[in-house]
file protein-v7.txt (compact mmCIF, N, CA and C atoms)
# COMPACT_ATOMS: atom_id res chain seq x y z
N MET A 1 19.67 -42.65 5.25
CA MET A 1 20.36 -42.40 6.49
C MET A 1 20.54 -40.90 6.68
N ASN A 2 20.06 -40.36 7.74
CA ASN A 2 20.19 -38.95 8.05
C ASN A 2 21.43 -38.76 8.92
N SER A 3 22.40 -38.02 8.41
CA SER A 3 23.64 -37.81 9.15
C SER A 3 23.73 -36.39 9.70
N GLY A 4 22.62 -35.88 10.14
CA GLY A 4 22.62 -34.56 10.74
C GLY A 4 22.21 -33.48 9.75
N PRO A 5 22.36 -32.21 10.17
CA PRO A 5 21.95 -31.10 9.31
C PRO A 5 22.85 -30.98 8.08
N PHE A 6 22.31 -30.29 7.07
CA PHE A 6 23.05 -30.08 5.82
C PHE A 6 24.33 -29.32 6.10
N SER A 7 25.40 -29.74 5.44
CA SER A 7 26.68 -29.08 5.60
C SER A 7 27.41 -29.06 4.26
N TRP A 8 27.85 -27.86 3.83
CA TRP A 8 28.62 -27.76 2.59
C TRP A 8 29.94 -28.51 2.73
N ARG A 9 30.51 -28.48 3.90
CA ARG A 9 31.78 -29.17 4.13
C ARG A 9 31.62 -30.68 3.91
N LYS A 10 30.52 -31.25 4.40
CA LYS A 10 30.28 -32.68 4.20
C LYS A 10 30.04 -32.99 2.73
N ARG A 11 29.33 -32.10 2.04
CA ARG A 11 29.09 -32.31 0.61
C ARG A 11 30.43 -32.28 -0.15
N ALA A 12 31.29 -31.32 0.20
CA ALA A 12 32.61 -31.23 -0.45
C ALA A 12 33.44 -32.48 -0.16
N ARG A 13 33.36 -32.98 1.06
CA ARG A 13 34.09 -34.20 1.41
C ARG A 13 33.61 -35.37 0.56
N GLY A 14 32.32 -35.39 0.23
CA GLY A 14 31.79 -36.44 -0.63
C GLY A 14 32.45 -36.43 -2.00
N PHE A 15 32.74 -35.23 -2.54
CA PHE A 15 33.44 -35.15 -3.82
C PHE A 15 34.87 -35.67 -3.70
N VAL A 16 35.51 -35.40 -2.57
CA VAL A 16 36.87 -35.91 -2.36
C VAL A 16 36.85 -37.44 -2.39
N TYR A 17 35.88 -38.05 -1.72
CA TYR A 17 35.77 -39.52 -1.72
C TYR A 17 35.47 -40.04 -3.12
N ALA A 18 34.61 -39.34 -3.85
CA ALA A 18 34.27 -39.77 -5.20
C ALA A 18 35.49 -39.72 -6.11
N TRP A 19 36.27 -38.64 -6.04
CA TRP A 19 37.49 -38.55 -6.86
C TRP A 19 38.49 -39.63 -6.47
N ARG A 20 38.55 -39.95 -5.18
CA ARG A 20 39.43 -41.02 -4.73
C ARG A 20 39.00 -42.35 -5.37
N GLY A 21 37.69 -42.56 -5.45
CA GLY A 21 37.17 -43.77 -6.07
C GLY A 21 37.47 -43.83 -7.56
N ILE A 22 37.32 -42.70 -8.26
CA ILE A 22 37.63 -42.66 -9.68
C ILE A 22 39.11 -42.95 -9.90
N LYS A 23 39.96 -42.34 -9.08
CA LYS A 23 41.40 -42.58 -9.19
C LYS A 23 41.72 -44.06 -8.95
N ALA A 24 41.13 -44.65 -7.94
CA ALA A 24 41.36 -46.07 -7.65
C ALA A 24 40.89 -46.93 -8.82
N LEU A 25 39.74 -46.60 -9.39
CA LEU A 25 39.21 -47.37 -10.52
C LEU A 25 40.20 -47.36 -11.68
N VAL A 26 40.68 -46.19 -12.05
CA VAL A 26 41.56 -46.07 -13.21
C VAL A 26 42.95 -46.65 -12.93
N LEU A 27 43.44 -46.48 -11.72
CA LEU A 27 44.81 -46.94 -11.42
C LEU A 27 44.89 -48.43 -11.10
N THR A 28 43.80 -49.03 -10.66
CA THR A 28 43.89 -50.43 -10.21
C THR A 28 43.13 -51.42 -11.08
N GLU A 29 42.25 -50.97 -11.91
CA GLU A 29 41.43 -51.88 -12.71
C GLU A 29 41.87 -51.83 -14.17
N HIS A 30 42.43 -52.92 -14.66
CA HIS A 30 42.95 -52.98 -16.02
C HIS A 30 41.86 -52.68 -17.06
N ASN A 31 40.68 -53.26 -16.88
CA ASN A 31 39.61 -53.02 -17.85
C ASN A 31 39.18 -51.56 -17.88
N ALA A 32 39.23 -50.89 -16.74
CA ALA A 32 38.88 -49.47 -16.71
C ALA A 32 39.86 -48.67 -17.56
N ARG A 33 41.13 -49.06 -17.53
CA ARG A 33 42.12 -48.38 -18.35
C ARG A 33 41.84 -48.60 -19.84
N ILE A 34 41.45 -49.82 -20.18
CA ILE A 34 41.10 -50.11 -21.57
C ILE A 34 39.92 -49.25 -21.99
N HIS A 35 38.91 -49.13 -21.12
CA HIS A 35 37.75 -48.29 -21.42
C HIS A 35 38.16 -46.83 -21.57
N CYS A 36 39.10 -46.38 -20.76
CA CYS A 36 39.57 -44.98 -20.86
C CYS A 36 40.27 -44.74 -22.19
N VAL A 37 41.08 -45.70 -22.64
CA VAL A 37 41.73 -45.56 -23.95
C VAL A 37 40.68 -45.50 -25.05
N ALA A 38 39.68 -46.39 -24.98
CA ALA A 38 38.60 -46.37 -25.97
C ALA A 38 37.86 -45.04 -25.93
N ALA A 39 37.65 -44.50 -24.73
CA ALA A 39 36.97 -43.21 -24.60
C ALA A 39 37.78 -42.10 -25.26
N LEU A 40 39.08 -42.10 -25.03
CA LEU A 40 39.93 -41.08 -25.65
C LEU A 40 39.91 -41.20 -27.17
N MET A 41 39.89 -42.43 -27.67
CA MET A 41 39.81 -42.63 -29.11
C MET A 41 38.49 -42.11 -29.67
N ALA A 42 37.39 -42.37 -28.94
CA ALA A 42 36.08 -41.88 -29.38
C ALA A 42 36.03 -40.36 -29.36
N LEU A 43 36.62 -39.76 -28.33
CA LEU A 43 36.64 -38.30 -28.25
C LEU A 43 37.47 -37.70 -29.39
N ALA A 44 38.61 -38.31 -29.67
CA ALA A 44 39.44 -37.83 -30.77
C ALA A 44 38.72 -37.99 -32.10
N ALA A 45 38.07 -39.12 -32.30
CA ALA A 45 37.32 -39.35 -33.55
C ALA A 45 36.20 -38.33 -33.68
N GLY A 46 35.52 -38.05 -32.59
CA GLY A 46 34.45 -37.05 -32.63
C GLY A 46 34.96 -35.68 -33.01
N TRP A 47 36.13 -35.33 -32.50
CA TRP A 47 36.71 -34.03 -32.81
C TRP A 47 37.14 -33.98 -34.28
N VAL A 48 37.84 -35.03 -34.73
CA VAL A 48 38.33 -35.07 -36.12
C VAL A 48 37.16 -35.10 -37.11
N LEU A 49 36.15 -35.89 -36.79
CA LEU A 49 35.02 -36.05 -37.72
C LEU A 49 33.94 -34.99 -37.53
N ARG A 50 34.13 -34.09 -36.59
CA ARG A 50 33.21 -32.97 -36.35
C ARG A 50 31.76 -33.44 -36.18
N ILE A 51 31.56 -34.30 -35.20
CA ILE A 51 30.21 -34.81 -34.97
C ILE A 51 29.31 -33.71 -34.42
N SER A 52 28.02 -33.91 -34.57
CA SER A 52 27.03 -32.90 -34.14
C SER A 52 26.90 -32.88 -32.62
N ALA A 53 26.20 -31.87 -32.13
CA ALA A 53 25.97 -31.75 -30.69
C ALA A 53 25.23 -32.97 -30.15
N GLY A 54 24.22 -33.42 -30.87
CA GLY A 54 23.48 -34.60 -30.44
C GLY A 54 24.35 -35.84 -30.41
N GLU A 55 25.24 -35.96 -31.40
CA GLU A 55 26.16 -37.09 -31.42
C GLU A 55 27.15 -37.02 -30.26
N TRP A 56 27.58 -35.81 -29.93
CA TRP A 56 28.47 -35.64 -28.77
C TRP A 56 27.77 -36.09 -27.49
N VAL A 57 26.50 -35.74 -27.37
CA VAL A 57 25.74 -36.16 -26.19
C VAL A 57 25.74 -37.68 -26.09
N ALA A 58 25.47 -38.35 -27.20
CA ALA A 58 25.45 -39.82 -27.20
C ALA A 58 26.81 -40.39 -26.84
N VAL A 59 27.88 -39.85 -27.41
CA VAL A 59 29.23 -40.34 -27.13
C VAL A 59 29.58 -40.15 -25.66
N VAL A 60 29.33 -38.96 -25.14
CA VAL A 60 29.66 -38.67 -23.74
C VAL A 60 28.84 -39.55 -22.79
N LEU A 61 27.55 -39.73 -23.07
CA LEU A 61 26.73 -40.60 -22.23
C LEU A 61 27.20 -42.05 -22.29
N CYS A 62 27.59 -42.51 -23.47
CA CYS A 62 28.11 -43.89 -23.59
C CYS A 62 29.40 -44.05 -22.80
N ILE A 63 30.30 -43.09 -22.90
CA ILE A 63 31.55 -43.15 -22.14
C ILE A 63 31.25 -43.20 -20.65
N GLY A 64 30.38 -42.31 -20.20
CA GLY A 64 30.02 -42.29 -18.78
C GLY A 64 29.37 -43.57 -18.33
N ALA A 65 28.49 -44.12 -19.15
CA ALA A 65 27.79 -45.35 -18.77
C ALA A 65 28.74 -46.55 -18.70
N VAL A 66 29.66 -46.65 -19.63
CA VAL A 66 30.61 -47.77 -19.60
C VAL A 66 31.51 -47.65 -18.37
N LEU A 67 32.03 -46.46 -18.11
CA LEU A 67 32.90 -46.29 -16.94
C LEU A 67 32.12 -46.50 -15.64
N MET A 68 30.88 -46.06 -15.61
CA MET A 68 30.04 -46.28 -14.43
C MET A 68 29.80 -47.77 -14.22
N ALA A 69 29.49 -48.49 -15.29
CA ALA A 69 29.28 -49.94 -15.19
C ALA A 69 30.54 -50.63 -14.69
N GLU A 70 31.70 -50.21 -15.21
CA GLU A 70 32.97 -50.79 -14.77
C GLU A 70 33.20 -50.49 -13.28
N GLY A 71 32.85 -49.29 -12.86
CA GLY A 71 32.98 -48.93 -11.44
C GLY A 71 32.09 -49.78 -10.56
N PHE A 72 30.84 -49.95 -10.95
CA PHE A 72 29.93 -50.80 -10.18
C PHE A 72 30.45 -52.24 -10.15
N ASN A 73 30.93 -52.73 -11.28
CA ASN A 73 31.45 -54.09 -11.33
C ASN A 73 32.64 -54.25 -10.38
N SER A 74 33.55 -53.30 -10.40
CA SER A 74 34.72 -53.37 -9.53
C SER A 74 34.32 -53.30 -8.06
N ALA A 75 33.35 -52.45 -7.74
CA ALA A 75 32.88 -52.35 -6.36
C ALA A 75 32.22 -53.65 -5.91
N ILE A 76 31.40 -54.22 -6.77
CA ILE A 76 30.73 -55.49 -6.44
C ILE A 76 31.77 -56.58 -6.23
N GLU A 77 32.77 -56.65 -7.09
CA GLU A 77 33.81 -57.66 -6.94
C GLU A 77 34.58 -57.47 -5.64
N ALA A 78 34.89 -56.24 -5.28
CA ALA A 78 35.62 -55.99 -4.04
C ALA A 78 34.82 -56.43 -2.82
N VAL A 79 33.54 -56.08 -2.80
CA VAL A 79 32.68 -56.48 -1.68
C VAL A 79 32.56 -58.01 -1.63
N CYS A 80 32.35 -58.63 -2.78
CA CYS A 80 32.25 -60.10 -2.83
C CYS A 80 33.52 -60.75 -2.30
N ASP A 81 34.68 -60.23 -2.70
CA ASP A 81 35.94 -60.80 -2.25
C ASP A 81 36.13 -60.65 -0.75
N MET A 82 35.62 -59.55 -0.18
CA MET A 82 35.73 -59.35 1.25
C MET A 82 34.77 -60.28 2.01
N VAL A 83 33.55 -60.40 1.51
CA VAL A 83 32.53 -61.19 2.17
C VAL A 83 32.85 -62.68 2.10
N SER A 84 33.36 -63.11 0.96
CA SER A 84 33.60 -64.53 0.75
C SER A 84 34.90 -64.74 -0.02
N PRO A 85 36.03 -64.73 0.69
CA PRO A 85 37.32 -64.91 0.01
C PRO A 85 37.43 -66.28 -0.69
N GLU A 86 36.74 -67.27 -0.16
CA GLU A 86 36.74 -68.59 -0.81
C GLU A 86 35.69 -68.61 -1.91
N ARG A 87 35.83 -69.58 -2.80
CA ARG A 87 34.86 -69.69 -3.91
C ARG A 87 33.49 -70.08 -3.37
N HIS A 88 32.48 -69.40 -3.90
CA HIS A 88 31.09 -69.71 -3.55
C HIS A 88 30.25 -69.49 -4.80
N PRO A 89 29.34 -70.41 -5.11
CA PRO A 89 28.56 -70.28 -6.35
C PRO A 89 27.78 -68.98 -6.46
N LEU A 90 27.21 -68.49 -5.36
CA LEU A 90 26.44 -67.25 -5.43
C LEU A 90 27.34 -66.03 -5.63
N ILE A 91 28.50 -66.05 -5.01
CA ILE A 91 29.46 -64.95 -5.21
C ILE A 91 29.92 -64.96 -6.67
N GLY A 92 30.22 -66.15 -7.19
CA GLY A 92 30.62 -66.26 -8.59
C GLY A 92 29.53 -65.77 -9.53
N ARG A 93 28.29 -66.10 -9.20
CA ARG A 93 27.16 -65.66 -10.02
C ARG A 93 27.04 -64.13 -10.00
N ALA A 94 27.16 -63.53 -8.81
CA ALA A 94 27.07 -62.08 -8.70
C ALA A 94 28.18 -61.40 -9.50
N LYS A 95 29.39 -61.92 -9.40
CA LYS A 95 30.51 -61.34 -10.13
C LYS A 95 30.33 -61.51 -11.65
N ASP A 96 29.83 -62.67 -12.07
CA ASP A 96 29.60 -62.90 -13.49
C ASP A 96 28.53 -61.96 -14.04
N ILE A 97 27.46 -61.78 -13.29
CA ILE A 97 26.39 -60.89 -13.73
C ILE A 97 26.89 -59.45 -13.82
N ALA A 98 27.67 -59.01 -12.83
CA ALA A 98 28.22 -57.65 -12.86
C ALA A 98 29.15 -57.47 -14.06
N ALA A 99 29.98 -58.46 -14.33
CA ALA A 99 30.88 -58.38 -15.49
C ALA A 99 30.07 -58.40 -16.79
N GLY A 100 29.01 -59.19 -16.82
CA GLY A 100 28.14 -59.23 -18.00
C GLY A 100 27.48 -57.89 -18.25
N ALA A 101 27.12 -57.19 -17.19
CA ALA A 101 26.50 -55.87 -17.34
C ALA A 101 27.48 -54.89 -17.99
N VAL A 102 28.75 -54.97 -17.62
CA VAL A 102 29.75 -54.11 -18.25
C VAL A 102 29.85 -54.45 -19.73
N LEU A 103 29.89 -55.74 -20.04
CA LEU A 103 29.99 -56.15 -21.44
C LEU A 103 28.79 -55.66 -22.24
N LEU A 104 27.59 -55.79 -21.69
CA LEU A 104 26.40 -55.30 -22.39
C LEU A 104 26.50 -53.81 -22.68
N MET A 105 26.95 -53.03 -21.70
CA MET A 105 27.06 -51.58 -21.90
C MET A 105 28.15 -51.26 -22.90
N ALA A 106 29.26 -51.97 -22.84
CA ALA A 106 30.35 -51.73 -23.79
C ALA A 106 29.92 -52.05 -25.22
N VAL A 107 29.18 -53.13 -25.39
CA VAL A 107 28.67 -53.49 -26.73
C VAL A 107 27.69 -52.42 -27.22
N ALA A 108 26.80 -51.97 -26.35
CA ALA A 108 25.85 -50.92 -26.73
C ALA A 108 26.60 -49.64 -27.12
N ALA A 109 27.65 -49.30 -26.36
CA ALA A 109 28.44 -48.11 -26.68
C ALA A 109 29.15 -48.27 -28.02
N ALA A 110 29.68 -49.47 -28.26
CA ALA A 110 30.36 -49.72 -29.54
C ALA A 110 29.38 -49.61 -30.70
N LEU A 111 28.17 -50.13 -30.52
CA LEU A 111 27.15 -50.02 -31.57
C LEU A 111 26.78 -48.56 -31.82
N ALA A 112 26.60 -47.80 -30.74
CA ALA A 112 26.29 -46.38 -30.89
C ALA A 112 27.44 -45.67 -31.61
N GLY A 113 28.68 -46.02 -31.24
CA GLY A 113 29.83 -45.43 -31.92
C GLY A 113 29.85 -45.78 -33.40
N GLY A 114 29.51 -47.02 -33.71
CA GLY A 114 29.44 -47.42 -35.12
C GLY A 114 28.41 -46.63 -35.89
N ILE A 115 27.25 -46.44 -35.28
CA ILE A 115 26.18 -45.69 -35.93
C ILE A 115 26.61 -44.24 -36.18
N ILE A 116 27.36 -43.68 -35.24
CA ILE A 116 27.79 -42.29 -35.37
C ILE A 116 28.99 -42.16 -36.31
N PHE A 117 30.00 -43.01 -36.13
CA PHE A 117 31.28 -42.81 -36.82
C PHE A 117 31.39 -43.47 -38.19
N ILE A 118 30.81 -44.63 -38.38
CA ILE A 118 31.00 -45.35 -39.66
C ILE A 118 30.52 -44.54 -40.86
N PRO A 119 29.33 -43.95 -40.82
CA PRO A 119 28.92 -43.15 -41.99
C PRO A 119 29.85 -41.98 -42.28
N LYS A 120 30.39 -41.37 -41.24
CA LYS A 120 31.30 -40.23 -41.42
C LYS A 120 32.63 -40.69 -42.01
N ILE A 121 33.10 -41.85 -41.58
CA ILE A 121 34.34 -42.39 -42.13
C ILE A 121 34.14 -42.79 -43.59
N ILE A 122 33.02 -43.42 -43.89
CA ILE A 122 32.71 -43.82 -45.28
C ILE A 122 32.63 -42.58 -46.17
N ALA A 123 32.05 -41.51 -45.66
CA ALA A 123 31.92 -40.28 -46.44
C ALA A 123 33.29 -39.67 -46.78
N LEU A 124 34.27 -39.94 -45.93
CA LEU A 124 35.62 -39.43 -46.20
C LEU A 124 36.32 -40.20 -47.30
N LEU A 125 35.90 -41.44 -47.52
CA LEU A 125 36.57 -42.30 -48.51
C LEU A 125 36.03 -42.08 -49.86
call {"tool": "encode", "arguments": {"input": "protein-v7.txt", "output": "structure tokens"}}
result
Amino acid sequence: MNSGPFSWRKRARGFVYAWRGIKALVLTEHNARIHCVAALMALAAGWVLRISAGEWVAVVLCIGAVLMAEGFNSAIEAVCDMVSPERHPLIGRAKDIAAGAVLLMAVAAALAGGIIFIPKIIALL
């Protein structure tokens, strides 16, 4: 969709909307808050265990991917609820698949965290 000529003001407004969305995600979605706590724990563990630059990249990308998946899931659920407030098998399927995608990403992030952190924790013992 072309909305006219390029404008820095419009681009800046896009960031305002994006931050509004991030704020709504964290303040209204319980699972997003759980993911944020897990992210803070992973960041603290990375700092304490002095992980490498490459490991930091993996941790940061996993955190971003999980939060992004949760954001997409929440957006899909909101649209589904607006389109079909009553129960419908296809709406239920879409919501289940979106929630499953979050779970898949969270499991992958947990596995990556295990690969990074478990050897470092074992080495401390």
call {"tool": "atom_distance", "arguments": {"input": "protein-v7.txt", "atom1": "CA of Glu55 in chain A", "atom2": "CA of Ala108 in chain A"}}
result
14.6 Å
call {"tool": "atom_distance", "arguments": {"input": "protein-v7.txt", "atom1": "CA of Leu61 in chain A", "atom2": "CA of Ile34 in chain A"}}
result
17.2 Å
call {"tool": "closest_atom_pairs", "arguments": {"input": "protein-v7.txt", "of": "range 20-84 of chain A", "to": "range 90-98 of chain A", "cutoff": "9 Å", "atoms": "only C-alpha atoms", "output": "tab-separated table"}}
result
residue	atom	partner	partner_atom	distance
A:Ala69	CA	A:Ala98	CA	8.1
A:Glu70	CA	A:Ala98	CA	8.6
A:Phe72	CA	A:Ala98	CA	7.6
A:Asn73	CA	A:Ala98	CA	5.0
A:Ser74	CA	A:Ala98	CA	8.5
A:Ile76	CA	A:Lys95	CA	6.9
A:Glu77	CA	A:Lys95	CA	5.9
A:Cys80	CA	A:Ile91	CA	6.1
A:Asp81	CA	A:Ile91	CA	8.2
A:Val83	CA	A:Ile91	CA	8.8
A:Ser84	CA	A:Ile91	CA	7.3
call {"tool": "closest_residue", "arguments": {"input": "protein-v7.txt", "among": "A:Leu25, A:Ala109, A:Phe6, A:Val48", "to": "Gly71 in chain A", "atoms": "only N, CA and C atoms"}}
result
A:Leu25
call {"tool": "atom_distance", "arguments": {"input": "protein-v7.txt", "atom1": "CA of Pro119 in chain A", "atom2": "CA of Cys36 in chain A"}}
result
23.7 Å
call {"tool": "residues_near_point", "arguments": {"input": "protein-v7.txt", "point": "(34.3, -38.2, -27.4)", "cutoff": "6 Å", "atoms": "only C-alpha atoms", "output": "JSON, numbers by chain"}}
result
{"A": [42, 43, 46, 59, 60]}
call {"tool": "closest_residue", "arguments": {"input": "protein-v7.txt", "among": "A:Ala18, A:Val79, A:Ala39, A:Ala58", "to": "Gly113 in chain A", "atoms": "only N, CA and C atoms"}}
result
A:Ala58
call {"tool": "residues_around", "arguments": {"input": "protein-v7.txt", "residues": "Ala106 in chain A", "least_positions_apart": "6", "cutoff": "8 Å", "atoms": "only N, CA and C atoms", "output": "PyMOL selection string"}}
result
chain A and resi 62+65-67+69+100+112
call {"tool": "closest_residue", "arguments": {"input": "protein-v7.txt", "among": "A:Ala44, A:Ala75, A:Leu125, A:Leu111", "to": "Gly21 in chain A", "atoms": "only C-alpha atoms"}}
result
A:Ala75
call {"tool": "closest_residue", "arguments": {"input": "protein-v7.txt", "among": "A:Arg9, A:Trp19, A:Ile122, A:Asn31", "to": "Ala99 in chain A", "atoms": "only C-alpha atoms"}}
result
A:Asn31
